[in-house]
>>> print(open('model-v8.cif').read())   # mmCIF, C-alpha atoms
data_final
#
loop_
_atom_site.label_atom_id
_atom_site.label_comp_id
_atom_site.auth_asym_id
_atom_site.auth_seq_id
_atom_site.Cartn_x
_atom_site.Cartn_y
_atom_site.Cartn_z
CA MET A 1 0.00 0.00 0.00
CA TYR A 2 1.29 3.43 -0.87
CA GLN A 3 1.80 5.94 1.93
CA ARG A 4 3.00 9.46 2.29
CA ALA A 5 4.32 10.95 5.50
CA ALA A 6 4.45 14.61 6.51
CA PHE A 7 6.89 15.57 9.22
CA VAL A 8 6.58 18.73 11.31
CA LEU A 9 7.83 19.91 14.68
CA PHE A 10 5.15 19.03 17.23
CA LEU A 11 3.38 22.20 18.29
CA ALA A 12 0.14 20.80 19.72
CA CYS A 13 -0.39 17.49 21.50
CA GLY A 14 -4.02 16.66 20.60
CA ILE A 15 -5.86 19.79 21.67
CA VAL A 16 -3.79 20.33 24.80
CA PHE A 17 -1.87 23.50 24.04
CA GLN A 18 1.71 22.81 24.96
CA LEU A 19 4.93 22.47 23.02
CA CYS A 20 6.23 18.90 22.73
CA HIS A 21 9.47 18.11 21.02
CA GLY A 22 8.92 14.67 19.45
CA VAL A 23 8.64 12.72 16.23
CA GLU A 24 5.37 13.43 14.44
CA VAL A 25 4.29 11.39 11.43
CA GLN A 26 1.13 11.30 9.37
CA VAL A 27 0.73 8.16 7.27
CA LYS A 28 -1.71 8.52 4.39
CA ASP A 29 -3.43 5.92 2.21
CA GLN A 30 -3.75 5.66 -1.56
CA GLU A 31 -6.46 8.32 -1.53
CA SER A 32 -4.13 10.71 0.35
CA LYS A 33 -6.30 10.44 3.47
CA LEU A 34 -4.77 10.28 6.91
CA CYS A 35 -4.94 6.67 8.13
CA LEU A 36 -2.41 6.59 11.00
CA TYR A 37 -1.09 9.39 13.21
CA ALA A 38 1.72 9.32 15.74
CA ASN A 39 3.66 11.80 17.84
CA LEU A 40 6.00 10.34 20.40
CA MET A 41 9.44 10.23 21.96
CA VAL A 42 11.54 7.08 22.41
CA ASN A 43 14.82 6.62 24.25
CA PHE A 44 16.99 3.58 23.49
CA SER A 45 19.61 1.89 25.64
CA VAL A 46 21.43 -0.92 23.77
CA SER A 47 24.12 -3.19 25.19
CA TYR A 48 26.65 -4.60 22.68
CA ASP A 49 30.00 -6.43 22.69
CA ILE A 50 33.37 -4.71 22.32
CA ALA A 51 36.97 -5.95 22.44
CA GLY A 52 38.48 -7.45 25.57
CA ASN A 53 35.43 -9.57 26.37
CA LYS A 54 33.66 -6.40 27.48
CA SER A 55 30.37 -4.74 26.68
CA ALA A 56 29.35 -1.14 26.05
CA THR A 57 26.01 0.64 26.21
CA ALA A 58 24.73 2.95 23.49
CA GLU A 59 22.10 5.45 24.57
CA PHE A 60 20.29 7.56 22.00
CA VAL A 61 16.90 9.03 21.15
CA LEU A 62 14.60 8.42 18.21
CA PRO A 63 15.61 11.26 15.85
CA THR A 64 13.16 13.58 14.15
CA ALA A 65 14.56 12.63 10.71
CA VAL A 66 12.59 9.45 9.96
CA THR A 67 10.79 7.89 7.00
CA THR A 68 7.66 5.71 7.05
CA VAL A 69 8.52 3.39 4.19
CA GLY A 70 6.92 0.04 5.02
CA SER A 71 4.05 1.46 7.05
CA GLU A 72 0.63 -0.02 6.25
CA CYS A 73 -3.01 0.80 7.01
CA ASP A 74 -5.81 -1.75 6.86
CA ALA A 75 -9.28 -2.17 8.33
CA LYS A 76 -8.18 -4.73 10.92
CA SER A 77 -4.44 -4.16 11.26
CA SER A 78 -1.99 -1.31 10.83
CA LEU A 79 1.79 -1.06 10.94
CA LEU A 80 3.73 2.06 11.86
CA LYS A 81 7.35 1.74 10.74
CA LEU A 82 9.88 4.51 11.35
CA ASN A 83 13.22 4.16 9.55
CA PHE A 84 16.22 6.22 10.63
CA GLY A 85 19.99 6.42 10.53
CA GLU A 86 22.14 3.71 9.01
CA GLY A 87 19.72 0.82 8.71
CA HIS A 88 17.71 1.23 11.93
CA SER A 89 13.94 0.96 12.23
CA TRP A 90 11.26 1.05 14.95
CA SER A 91 7.82 -0.35 14.24
CA VAL A 92 4.51 -0.95 16.04
CA ASN A 93 1.87 -3.47 14.91
CA PHE A 94 -1.77 -2.59 15.73
CA THR A 95 -4.95 -4.69 15.52
CA ASN A 96 -8.61 -4.00 16.33
CA ASP A 97 -11.82 -5.93 17.00
CA ASN A 98 -14.24 -3.22 15.78
CA GLN A 99 -14.58 -1.78 19.30
CA VAL A 100 -11.08 -1.23 20.63
CA TYR A 101 -7.55 -1.47 19.24
CA GLN A 102 -4.20 -2.35 20.75
CA ALA A 103 -0.50 -2.55 19.95
CA ASP A 104 0.49 -6.20 19.67
CA SER A 105 4.24 -5.73 19.41
CA ILE A 106 7.04 -3.21 19.07
CA THR A 107 10.03 -4.26 16.97
CA PHE A 108 13.33 -2.38 17.08
CA THR A 109 15.90 -3.29 14.42
CA TYR A 110 19.40 -1.87 14.83
CA ASN A 111 22.56 -2.10 12.75
CA LEU A 112 25.72 -2.65 14.81
CA SER A 113 27.90 -1.55 11.89
CA ASP A 114 26.75 2.03 12.49
CA THR A 115 29.90 3.33 14.19
CA ALA A 116 28.24 6.63 15.13
CA LEU A 117 25.86 4.83 17.50
CA PHE A 118 27.89 1.67 18.25
CA PRO A 119 31.59 2.59 18.30
CA ASP A 120 34.09 -0.29 18.58
CA SER A 121 31.38 -2.93 18.13
CA LEU A 122 32.80 -6.41 17.53
CA ASN A 123 29.84 -7.36 15.35
CA ASN A 124 28.46 -5.78 12.21
CA ASP A 125 25.18 -7.69 12.44
CA THR A 126 21.68 -6.30 12.21
CA LYS A 127 19.78 -7.35 15.32
CA THR A 128 16.10 -7.24 16.27
CA SER A 129 14.39 -6.76 19.62
CA THR A 130 10.64 -7.41 19.95
CA VAL A 131 8.64 -6.50 23.06
CA LYS A 132 5.00 -6.41 24.11
CA PRO A 133 3.84 -2.80 24.65
CA HIS A 134 1.30 -1.59 27.20
CA ILE A 135 -0.99 0.03 24.63
CA THR A 136 -4.26 -1.86 25.12
CA LYS A 137 -8.02 -1.30 25.02
CA VAL A 138 -7.90 1.94 23.06
CA GLY A 139 -11.33 2.99 21.87
CA LEU A 140 -11.78 3.15 18.11
CA ASP A 141 -11.81 6.71 16.78
CA THR A 142 -9.79 7.90 19.81
CA CYS A 143 -6.16 8.84 20.27
CA TYR A 144 -4.03 6.91 22.74
CA SER A 145 -2.21 9.36 25.00
CA CYS A 146 0.51 8.60 27.56
CA LYS A 147 2.72 11.38 28.88
CA SER A 148 4.26 9.13 31.55
CA ASN A 149 7.39 7.08 30.98
CA ASP A 150 6.72 3.56 29.71
CA MET A 151 9.84 1.38 29.91
CA LEU A 152 10.02 -1.79 27.80
CA GLU A 153 12.91 -4.13 28.63
CA ASP A 154 14.52 -6.86 26.58
CA VAL A 155 17.77 -8.82 27.02
CA SER A 156 20.06 -6.23 25.43
CA VAL A 157 17.66 -3.38 24.67
CA ASN A 158 15.67 -1.03 26.88
CA GLN A 159 13.15 1.31 25.30
CA THR A 160 11.41 4.17 27.08
CA LEU A 161 8.34 5.72 25.47
CA PHE A 162 6.89 9.02 26.69
CA ASP A 163 4.78 11.95 25.48
CA VAL A 164 2.97 9.47 23.24
CA LEU A 165 -0.05 10.41 21.11
CA ILE A 166 -1.15 7.75 18.59
CA GLN A 167 -4.26 7.00 16.55
CA ALA A 168 -3.80 3.74 14.65
CA PHE A 169 -7.14 3.62 12.80
CA VAL A 170 -8.10 7.11 11.67
CA ASN A 171 -11.70 7.48 10.51
CA ASN A 172 -12.49 9.56 7.38
CA GLY A 173 -8.99 11.04 7.26
CA SER A 174 -9.41 13.19 10.40
CA LYS A 175 -7.57 12.65 13.67
CA SER A 176 -9.94 12.25 16.60
CA GLU A 177 -10.19 14.78 19.41
CA GLN A 178 -11.20 12.06 21.87
CA ILE A 179 -8.42 10.75 24.13
CA THR A 180 -7.85 7.33 25.70
CA SER A 181 -5.31 7.90 28.47
CA CYS A 182 -2.90 5.24 29.68
CA ALA A 183 -3.26 3.88 33.21
CA ALA A 184 -0.12 5.71 34.36
CA ASP A 185 -1.72 9.07 33.51
CA THR A 186 -4.97 8.15 35.31
CA PRO A 187 -3.85 6.55 38.61
CA SER A 188 -7.31 6.82 40.19
CA THR A 189 -8.92 4.55 37.61
CA VAL A 190 -8.51 0.90 36.71
CA GLY A 191 -7.26 0.60 33.15
CA PRO A 192 -7.33 3.35 30.51
CA THR A 193 -10.09 5.93 30.54
CA THR A 194 -11.65 7.52 27.48
CA HIS A 195 -12.63 11.13 27.94
CA ALA A 196 -13.19 14.31 26.06
CA PRO A 197 -10.18 16.61 26.00
CA THR A 198 -10.08 19.71 28.15
CA THR A 199 -9.17 23.06 26.64
CA HIS A 200 -6.49 25.01 28.45
CA ALA A 201 -5.75 28.68 27.95
CA PRO A 202 -2.29 28.94 26.42
CA THR A 203 0.34 31.54 27.12
CA THR A 204 1.29 33.34 23.89
CA HIS A 205 4.94 33.74 22.94
CA ALA A 206 5.27 35.00 19.39
CA PRO A 207 5.20 33.43 16.93
CA THR A 208 4.09 30.14 18.56
CA THR A 209 1.55 29.36 21.25
CA HIS A 210 2.62 27.33 24.23
CA THR A 211 2.27 26.95 27.96
CA THR A 212 5.40 28.16 29.70
CA ALA A 213 6.51 26.29 32.79
CA THR A 214 9.53 28.03 34.27
CA PRO A 215 11.35 25.84 36.78
CA THR A 216 12.17 27.44 40.12
CA THR A 217 15.79 28.39 40.49
CA THR A 218 15.87 27.80 44.24
CA PRO A 219 13.94 24.58 44.94
CA THR A 220 13.28 24.12 48.63
CA THR A 221 13.08 20.32 48.44
CA THR A 222 16.49 19.78 46.80
CA PRO A 223 19.45 19.33 49.16
CA THR A 224 22.62 21.34 48.78
CA PRO A 225 24.98 19.50 46.40
CA THR A 226 27.88 17.74 48.13
CA LEU A 227 29.89 16.69 45.06
CA PRO A 228 32.85 18.72 43.78
CA SER A 229 32.14 21.09 40.91
CA PRO A 230 31.77 19.16 37.63
CA THR A 231 34.26 19.48 34.79
CA THR A 232 33.31 22.12 32.24
CA GLY A 233 32.65 20.59 28.84
CA LYS A 234 33.05 22.47 25.57
CA TYR A 235 30.68 21.24 22.88
CA SER A 236 30.10 22.30 19.27
CA LEU A 237 28.07 21.17 16.26
CA LYS A 238 28.61 21.45 12.52
CA LEU A 239 26.07 20.85 9.78
CA ASP A 240 28.70 18.70 8.02
CA ASN A 241 32.46 18.19 8.05
CA SER A 242 33.09 21.04 5.62
CA SER A 243 30.86 23.66 7.25
CA THR A 244 31.42 26.06 10.09
CA VAL A 245 30.15 25.65 13.64
CA CYS A 246 26.40 26.21 14.02
CA LEU A 247 25.99 25.57 17.78
CA LEU A 248 28.26 26.22 20.75
CA ALA A 249 27.81 25.21 24.38
CA ASP A 250 30.14 25.33 27.38
CA PHE A 251 29.05 24.21 30.83
CA GLY A 252 29.63 21.98 33.78
CA LEU A 253 26.55 19.93 34.64
CA ARG A 254 25.30 17.99 37.65
CA ILE A 255 21.97 16.22 37.98
CA SER A 256 20.10 15.40 41.17
CA LEU A 257 17.61 12.55 40.96
CA LYS A 258 15.02 11.95 43.67
CA GLN A 259 14.62 8.28 44.60
CA GLY A 260 12.03 7.84 47.30
CA ASP A 261 13.10 10.00 50.22
CA LYS A 262 16.71 10.24 49.02
CA TYR A 263 18.58 12.11 46.30
CA GLU A 264 21.37 10.80 44.11
CA GLU A 265 23.70 13.36 42.57
CA MET A 266 25.81 12.72 39.49
CA ASN A 267 28.28 14.96 37.69
CA PHE A 268 28.17 14.77 33.90
CA GLU A 269 31.61 13.81 32.60
CA PRO A 270 32.46 15.52 29.28
CA ASN A 271 35.54 13.37 28.58
CA GLY A 272 34.60 10.66 26.10
CA THR A 273 31.17 12.16 25.46
CA THR A 274 29.67 11.76 21.99
CA VAL A 275 28.20 15.00 20.62
CA THR A 276 25.41 14.91 18.04
CA GLY A 277 22.37 17.00 17.21
CA SER A 278 20.97 19.29 14.57
CA CYS A 279 20.92 22.97 13.63
CA GLY A 280 17.82 24.54 12.12
CA VAL A 281 16.33 27.94 11.51
CA ASN A 282 13.70 27.68 14.24
CA SER A 283 14.93 24.71 16.28
CA SER A 284 18.32 23.30 17.24
CA GLU A 285 19.19 20.22 19.25
CA LEU A 286 22.28 19.20 21.20
CA VAL A 287 22.55 15.54 22.22
CA LEU A 288 25.29 14.43 24.63
CA VAL A 289 25.89 10.73 25.20
CA SER A 290 28.33 9.64 27.92
CA ASN A 291 28.99 6.30 29.58
CA THR A 292 26.40 7.00 32.27
CA MET A 293 23.69 9.17 30.75
CA ASN A 294 22.16 10.66 27.63
CA ILE A 295 21.08 14.32 27.63
CA SER A 296 19.14 16.10 24.90
CA PHE A 297 18.75 19.92 24.83
CA THR A 298 16.24 21.47 22.42
CA PHE A 299 16.38 25.21 21.69
CA LEU A 300 13.71 27.28 19.95
CA ASN A 301 14.11 30.52 18.01
CA ASP A 302 11.20 32.95 17.67
CA THR A 303 13.23 35.28 15.35
CA LYS A 304 14.04 37.68 18.18
CA LYS A 305 15.07 35.51 21.11
CA PHE A 306 16.09 31.92 21.71
CA ARG A 307 15.51 29.76 24.76
CA LEU A 308 15.99 26.24 26.07
CA HIS A 309 12.62 24.66 25.38
CA ALA A 310 13.04 20.95 26.15
CA LEU A 311 15.37 18.81 28.22
CA ASN A 312 15.47 15.01 28.22
CA VAL A 313 17.78 13.04 30.54
CA THR A 314 18.10 9.25 30.56
CA GLY A 315 20.64 6.98 32.19
CA LYS A 316 21.31 4.64 35.07
CA THR A 317 21.86 5.33 38.75
CA SER A 318 24.81 3.97 40.74
CA SER A 319 22.65 0.97 41.64
CA GLY A 320 22.00 0.23 37.95
CA ALA A 321 18.38 1.39 37.93
CA ALA A 322 17.36 3.04 34.65
CA PHE A 323 15.68 6.44 34.69
CA SER A 324 14.22 8.83 32.15
CA GLU A 325 13.02 12.35 32.92
CA ALA A 326 11.91 15.02 30.44
CA ASN A 327 10.26 18.43 30.28
CA SER A 328 9.23 19.92 26.94
CA SER A 329 7.70 23.19 28.14
CA LEU A 330 10.71 25.05 29.52
CA SER A 331 11.67 28.68 29.05
CA LEU A 332 15.29 28.92 30.21
CA TRP A 333 18.59 30.48 29.08
CA GLU A 334 16.84 33.16 27.04
CA ALA A 335 18.86 35.65 24.99
CA GLY A 336 18.61 37.57 21.74
CA VAL A 337 19.26 35.70 18.50
CA GLY A 338 22.79 36.48 17.37
CA SER A 339 24.08 36.68 20.93
CA SER A 340 24.96 34.05 23.52
CA TYR A 341 23.57 33.35 26.98
CA MET A 342 26.08 33.24 29.83
CA CYS A 343 25.87 32.49 33.54
CA ASN A 344 29.14 31.72 35.32
CA LYS A 345 27.54 31.46 38.74
CA GLU A 346 26.06 28.15 39.87
CA GLN A 347 22.36 27.83 39.07
CA ASN A 348 19.85 25.07 39.74
CA TYR A 349 16.58 24.30 37.98
CA THR A 350 13.81 21.90 38.93
CA ILE A 351 13.04 20.18 35.61
CA THR A 352 10.54 17.59 36.89
CA GLY A 353 9.35 16.44 40.28
CA LEU A 354 12.26 14.00 40.35
CA LEU A 355 15.00 15.80 38.41
CA THR A 356 17.00 18.91 39.24
CA ILE A 357 20.00 20.11 37.24
CA TYR A 358 22.88 22.34 38.34
CA THR A 359 24.90 24.37 35.84
CA PHE A 360 28.37 25.88 36.26
CA ASP A 361 30.23 28.30 33.94
CA LEU A 362 27.35 28.13 31.46
CA ARG A 363 27.50 29.69 28.01
CA VAL A 364 25.35 28.63 25.05
CA GLN A 365 24.61 29.88 21.55
CA PRO A 366 22.34 27.59 19.50
CA PHE A 367 21.74 30.05 16.63
CA GLY A 368 23.70 32.63 14.65
CA VAL A 369 27.24 31.44 15.44
CA LYS A 370 29.83 33.38 13.45
CA LYS A 371 33.44 32.39 12.78
CA ASP A 372 33.16 29.42 15.17
CA ASN A 373 33.12 31.73 18.21
CA PHE A 374 30.56 32.89 20.75
CA SER A 375 28.92 36.24 20.07
CA THR A 376 28.48 38.94 22.71
CA ALA A 377 26.96 37.42 25.83
CA GLU A 378 23.75 38.36 27.59
CA GLU A 379 24.49 37.67 31.24
CA CYS A 380 22.18 36.14 33.78
CA PHE A 381 21.14 38.31 36.72
CA LEU A 382 23.57 36.57 39.10
CA ASP A 383 26.49 37.58 36.87
CA SER A 384 25.29 41.11 36.22
CA ASP A 385 26.62 44.21 37.97
CA LEU A 386 23.16 44.81 39.40
CA SER A 387 23.16 41.67 41.53
CA PHE A 388 24.99 43.48 44.35
CA LEU A 389 22.01 45.82 44.67
CA VAL A 390 19.81 43.08 46.10
CA PRO A 391 21.43 42.92 49.57
CA ILE A 392 21.72 46.72 49.59
CA ALA A 393 18.01 47.10 48.83
CA VAL A 394 17.16 44.60 51.56
CA GLY A 395 19.36 46.49 54.03
CA VAL A 396 17.79 49.83 53.14
CA ALA A 397 14.30 48.39 53.52
CA LEU A 398 15.12 46.94 56.94
CA SER A 399 16.67 50.24 58.09
CA PHE A 400 13.60 52.15 56.93
CA LEU A 401 11.38 49.71 58.84
CA ILE A 402 13.44 50.14 62.02
CA ILE A 403 13.20 53.94 61.71
CA LEU A 404 9.41 53.74 61.32
CA VAL A 405 9.12 51.55 64.42
CA LEU A 406 11.33 53.94 66.41
CA ILE A 407 9.32 57.00 65.35
CA SER A 408 6.06 55.25 66.24
CA TYR A 409 7.48 54.39 69.64
CA LEU A 410 8.59 57.98 70.34
CA ILE A 411 5.22 59.42 69.27
CA GLY A 412 3.39 56.95 71.46
CA ARG A 413 5.64 57.70 74.43
CA ARG A 414 5.10 61.47 74.00
CA LYS A 415 1.30 61.10 73.91
CA SER A 416 1.49 58.99 77.04
CA ARG A 417 3.38 61.71 78.96
CA THR A 418 0.94 64.42 77.78
CA GLY A 419 -1.94 62.40 79.13
CA TYR A 420 -0.35 62.13 82.62
CA GLN A 421 0.28 65.95 82.77
CA SER A 422 -3.37 66.78 81.97
CA VAL A 423 -4.55 64.74 84.96
#
>>> encode(input="model-v8.cif", output="structure tokens")
Amino acid sequence: MYQRAAFVLFLACGIVFQLCHGVEVQVKDQESKLCLYANLMVNFSVSYDIAGNKSATAEFVLPTAVTTVGSECDAKSSLLKLNFGEGHSWSVNFTNDNQVYQADSITFTYNLSDTALFPDSLNNDTKTSTVKPHITKVGLDTCYSCKSNDMLEDVSVNQTLFDVLIQAFVNNGSKSEQITSCAADTPSTVGPTTHAPTTHAPTTHAPTTHTTATPTTTPTTTPTPTLPSPTTGKYSLKLDNSSTVCLLADFGLRISLKQGDKYEEMNFEPNGTTVTGSCGVNSSELVLVSNTMNISFTFLNDTKKFRLHALNVTGKTSSGAAFSEANSSLSLWEAGVGSSYMCNKEQNYTITGLLTIYTFDLRVQPFGVKKDNFSTAEECFLDSDLSFLVPIAVGVALSFLIILVLISYLIGRRKSRTGYQSV
């Protein structure tokens, strides 16, 4: 069956107005009608053999540059197949019984000869991992939605799905506005719940519409870091080997992950880190993959200013437990396009309820890099010359308050004496 796929940056998740950085595909049938819709994010963690009887772990995200060759739509079954990179593919098989539909299997095929993802691999084989997803009992003519992390584990491959919005059997070429939420997003109910979507009033930020969630810079629940300051990494991206630098980023980074009543802190080690990503007119992405974690930064450009819009962190704790935390509605590190954002002082940001990041000696420029160097920096408030005014203003205010109290006391004392004399 012939399909066409249209790929756009995800600006609206169903009718919930919020920006979501993910992979959006629209598979169409022979009549050019929409038959399958998907917008989702997937993190991969793949273990493979290297020399010395050792193993390595490759951690990467499903890129936005995919094709849907091989995808199929039928009345009873549908197949979503996303092809990417050097011979990799990720596919989901759906079936329905005229009332509900489900995902029967997810198949991930990866090519170990791809040295960009699997450096020093002993094998050049193409391997396949098939797992049973948790997408079940989705009402026909509804979209399956799951913003929570859904981890699928196999022998050598772990997949984490999140921010998922899928409709496998689209009726009359129009995506449904009805939502079937996963159980993780509806903890008070048993099984998925179908409901009508709720309209939220968005916050406007020209030229796009999104809900801005600015993390607090002084979270009260996060303990003071005890690790030494992390090493400052210097990262850069080029469109290709012959082009100039299109993205620059320098920073030291620490993450704090809440596990129950405790916090685990980890410094990000820049040595040996693989740097990938993309540079665009309106969106740029920096992906850092180290031995312990995978971090993806997404920046948006609204023609006047840029900002950090999405952050995705996956990895393993010291105990070996896998984690994945993401926020795609941030508004951080904002500066004018053509300049860089700089903050040398330590800052901390609560990204999710479980994840806090700390930055040191930060400087980023995701757009408008010239001659491979940072442009003039726009400093954060902590670095600015005005930051010293804060304690001065507080001192002046306290002094003024003391003077007012003293004057009130003297006036009251004077009235008291006058009253005694009149008697």
>>> residues_around(input="model-v8.cif", residues="Val245 (chain A)", least_positions_apart="4", cutoff="7 Å", atoms="all atoms listed in the file", output="PyMOL selection string")
chain A and resi 236-238+369+372
>>> residues_around(input="model-v8.cif", residues="Ile50 (chain A)", least_positions_apart="3", cutoff="8 Å", atoms="all atoms listed in the file", output="PyMOL selection string")
chain A and resi 53-56+120-122
>>> closest_residue(input="model-v8.cif", among="A:Gly22, A:Pro119, A:Pro133, A:Gly353", to="Asn93 (chain A)", atoms="only C-alpha atoms")
A:Pro133
>>> resolve_selection(input="model-v8.cif", expression="the PyMOL selection byres ((chain A and resi 113) around 10)", output="list of chain:residue names")
A:Glu86, A:Gly87, A:Tyr110, A:Asn111, A:Leu112, A:Asp114, A:Thr115, A:Ala116, A:Leu117, A:Phe118, A:Pro119, A:Asp120, A:Ser121, A:Leu122, A:Asn123, A:Asn124, A:Asp125, A:Thr126
>>> residues_around(input="model-v8.cif", residues="Val155 (chain A)", least_positions_apart="6", cutoff="10 Å", atoms="all atoms listed in the file", output="PDB file with C-alpha atoms, in the frame of the given file")
ATOM      1  CA  VAL A  46      21.430  -0.920  23.770  1.00  0.00           C
ATOM      2  CA  SER A  47      24.120  -3.190  25.190  1.00  0.00           C
ATOM      3  CA  SER A 129      14.390  -6.760  19.620  1.00  0.00           C
TER       4      SER A 129
END
>>> atom_distance(input="model-v8.cif", atom1="CA of Ser148 (chain A)", atom2="CA of Ser181 (chain A)")
10.1 Å
>>> closest_residue(input="model-v8.cif", among="A:Lys316, A:Arg413, A:His134, A:Arg363", to="Leu253 (chain A)", atoms="all atoms listed in the file")
A:Arg363
>>> resolve_selection(input="model-v8.cif", expression="the PyMOL selection byres ((chain A and resi 288) around 6)", output="JSON, numbers by chain")
{"A": [274, 275, 287, 289, 294, 295]}
>>> write_last_selection(input="model-v8.cif", atoms="C-alpha atoms", output="CSV table (one decimal), keeping the file's coordinate frame")
chain,number,residue,atom,x,y,z
A,274,THR,CA,29.7,11.8,22.0
A,275,VAL,CA,28.2,15.0,20.6
A,287,VAL,CA,22.6,15.5,22.2
A,289,VAL,CA,25.9,10.7,25.2
A,294,ASN,CA,22.2,10.7,27.6
A,295,ILE,CA,21.1,14.3,27.6
>>> atom_distance(input="model-v8.cif", atom1="CA of Ala184 (chain A)", atom2="CA of Phe268 (chain A)")
29.7 Å
>>> atom_distance(input="model-v8.cif", atom1="CA of Gln178 (chain A)", atom2="CA of Leu165 (chain A)")
11.3 Å
>>> closest_residue(input="model-v8.cif", among="A:Leu34, A:Met266, A:Leu239, A:Ile255", to="Ser176 (chain A)", atoms="all atoms listed in the file")
A:Leu34
>>> resolve_selection(input="model-v8.cif", expression="the PyMOL selection byres ((chain A and resi 358) around 10)", output="short mmCIF file (atom, residue, chain, number, x, y, z; two decimals) with C-alpha atoms, in the coordinates of the input")
data_model
loop_
_atom_site.label_atom_id
_atom_site.label_comp_id
_atom_site.auth_asym_id
_atom_site.auth_seq_id
_atom_site.Cartn_x
_atom_site.Cartn_y
_atom_site.Cartn_z
CA THR A 217 15.79 28.39 40.49
CA PRO A 225 24.98 19.50 46.40
CA SER A 229 32.14 21.09 40.91
CA PRO A 230 31.77 19.16 37.63
CA PHE A 251 29.05 24.21 30.83
CA GLY A 252 29.63 21.98 33.78
CA LEU A 253 26.55 19.93 34.64
CA ARG A 254 25.30 17.99 37.65
CA ILE A 255 21.97 16.22 37.98
CA SER A 256 20.10 15.40 41.17
CA GLU A 265 23.70 13.36 42.57
CA ASN A 267 28.28 14.96 37.69
CA GLU A 346 26.06 28.15 39.87
CA GLN A 347 22.36 27.83 39.07
CA ASN A 348 19.85 25.07 39.74
CA TYR A 349 16.58 24.30 37.98
CA THR A 350 13.81 21.90 38.93
CA THR A 356 17.00 18.91 39.24
CA ILE A 357 20.00 20.11 37.24
CA THR A 359 24.90 24.37 35.84
CA PHE A 360 28.37 25.88 36.26
#
>>> residues_near_point(input="model-v8.cif", point="(0.3, 3.2, 29.6)", cutoff="9 Å", atoms="only C-alpha atoms", output="PDB file with C-alpha atoms, keeping the file's coordinate frame")
ATOM      1  CA  PRO A 133       3.840  -2.800  24.650  1.00  0.00           C
ATOM      2  CA  HIS A 134       1.300  -1.590  27.200  1.00  0.00           C
ATOM      3  CA  ILE A 135      -0.990   0.030  24.630  1.00  0.00           C
ATOM      4  CA  THR A 136      -4.260  -1.860  25.120  1.00  0.00           C
ATOM      5  CA  TYR A 144      -4.030   6.910  22.740  1.00  0.00           C
ATOM      6  CA  SER A 145      -2.210   9.360  25.000  1.00  0.00           C
ATOM      7  CA  CYS A 146       0.510   8.600  27.560  1.00  0.00           C
ATOM      8  CA  LYS A 147       2.720  11.380  28.880  1.00  0.00           C
ATOM      9  CA  SER A 148       4.260   9.130  31.550  1.00  0.00           C
ATOM     10  CA  ASN A 149       7.390   7.080  30.980  1.00  0.00           C
ATOM     11  CA  ASP A 150       6.720   3.560  29.710  1.00  0.00           C
ATOM     12  CA  SER A 181      -5.310   7.900  28.470  1.00  0.00           C
ATOM     13  CA  CYS A 182      -2.900   5.240  29.680  1.00  0.00           C
ATOM     14  CA  ALA A 183      -3.260   3.880  33.210  1.00  0.00           C
ATOM     15  CA  ALA A 184      -0.120   5.710  34.360  1.00  0.00           C
ATOM     16  CA  ASP A 185      -1.720   9.070  33.510  1.00  0.00           C
ATOM     17  CA  GLY A 191      -7.260   0.600  33.150  1.00  0.00           C
ATOM     18  CA  PRO A 192      -7.330   3.350  30.510  1.00  0.00           C
TER      19      PRO A 192
END
>>> build_atoms(input="model-v8.cif", residues="region 408-414 of chain A", atoms="N, CA, C and O atoms", output="mmCIF file, in the coordinates of the input")
data_model
loop_
_atom_site.group_PDB
_atom_site.id
_atom_site.type_symbol
_atom_site.label_atom_id
_atom_site.label_comp_id
_atom_site.auth_asym_id
_atom_site.auth_seq_id
_atom_site.Cartn_x
_atom_site.Cartn_y
_atom_site.Cartn_z
ATOM 1 N N SER A 408 7.358 55.601 65.652
ATOM 2 C CA SER A 408 6.060 55.250 66.240
ATOM 3 C C SER A 408 6.169 55.119 67.756
ATOM 4 O O SER A 408 5.285 55.553 68.501
ATOM 5 N N TYR A 409 7.263 54.544 68.201
ATOM 6 C CA TYR A 409 7.480 54.390 69.640
ATOM 7 C C TYR A 409 7.605 55.749 70.332
ATOM 8 O O TYR A 409 6.996 55.998 71.380
ATOM 9 N N LEU A 410 8.386 56.656 69.750
ATOM 10 C CA LEU A 410 8.590 57.980 70.340
ATOM 11 C C LEU A 410 7.286 58.777 70.380
ATOM 12 O O LEU A 410 6.985 59.470 71.369
ATOM 13 N N ILE A 411 6.493 58.694 69.299
ATOM 14 C CA ILE A 411 5.220 59.420 69.270
ATOM 15 C C ILE A 411 4.286 58.862 70.342
ATOM 16 O O ILE A 411 3.620 59.601 71.077
ATOM 17 N N GLY A 412 4.242 57.564 70.446
ATOM 18 C CA GLY A 412 3.390 56.950 71.460
ATOM 19 C C GLY A 412 3.821 57.306 72.870
ATOM 20 O O GLY A 412 2.992 57.548 73.752
ATOM 21 N N ARG A 413 5.115 57.346 73.108
ATOM 22 C CA ARG A 413 5.640 57.700 74.430
ATOM 23 C C ARG A 413 5.299 59.151 74.775
ATOM 24 O O ARG A 413 4.943 59.470 75.923
ATOM 25 N N ARG A 414 5.395 60.049 73.773
ATOM 26 C CA ARG A 414 5.100 61.470 74.000
ATOM 27 C C ARG A 414 3.636 61.675 74.340
ATOM 28 O O ARG A 414 3.302 62.433 75.247
#
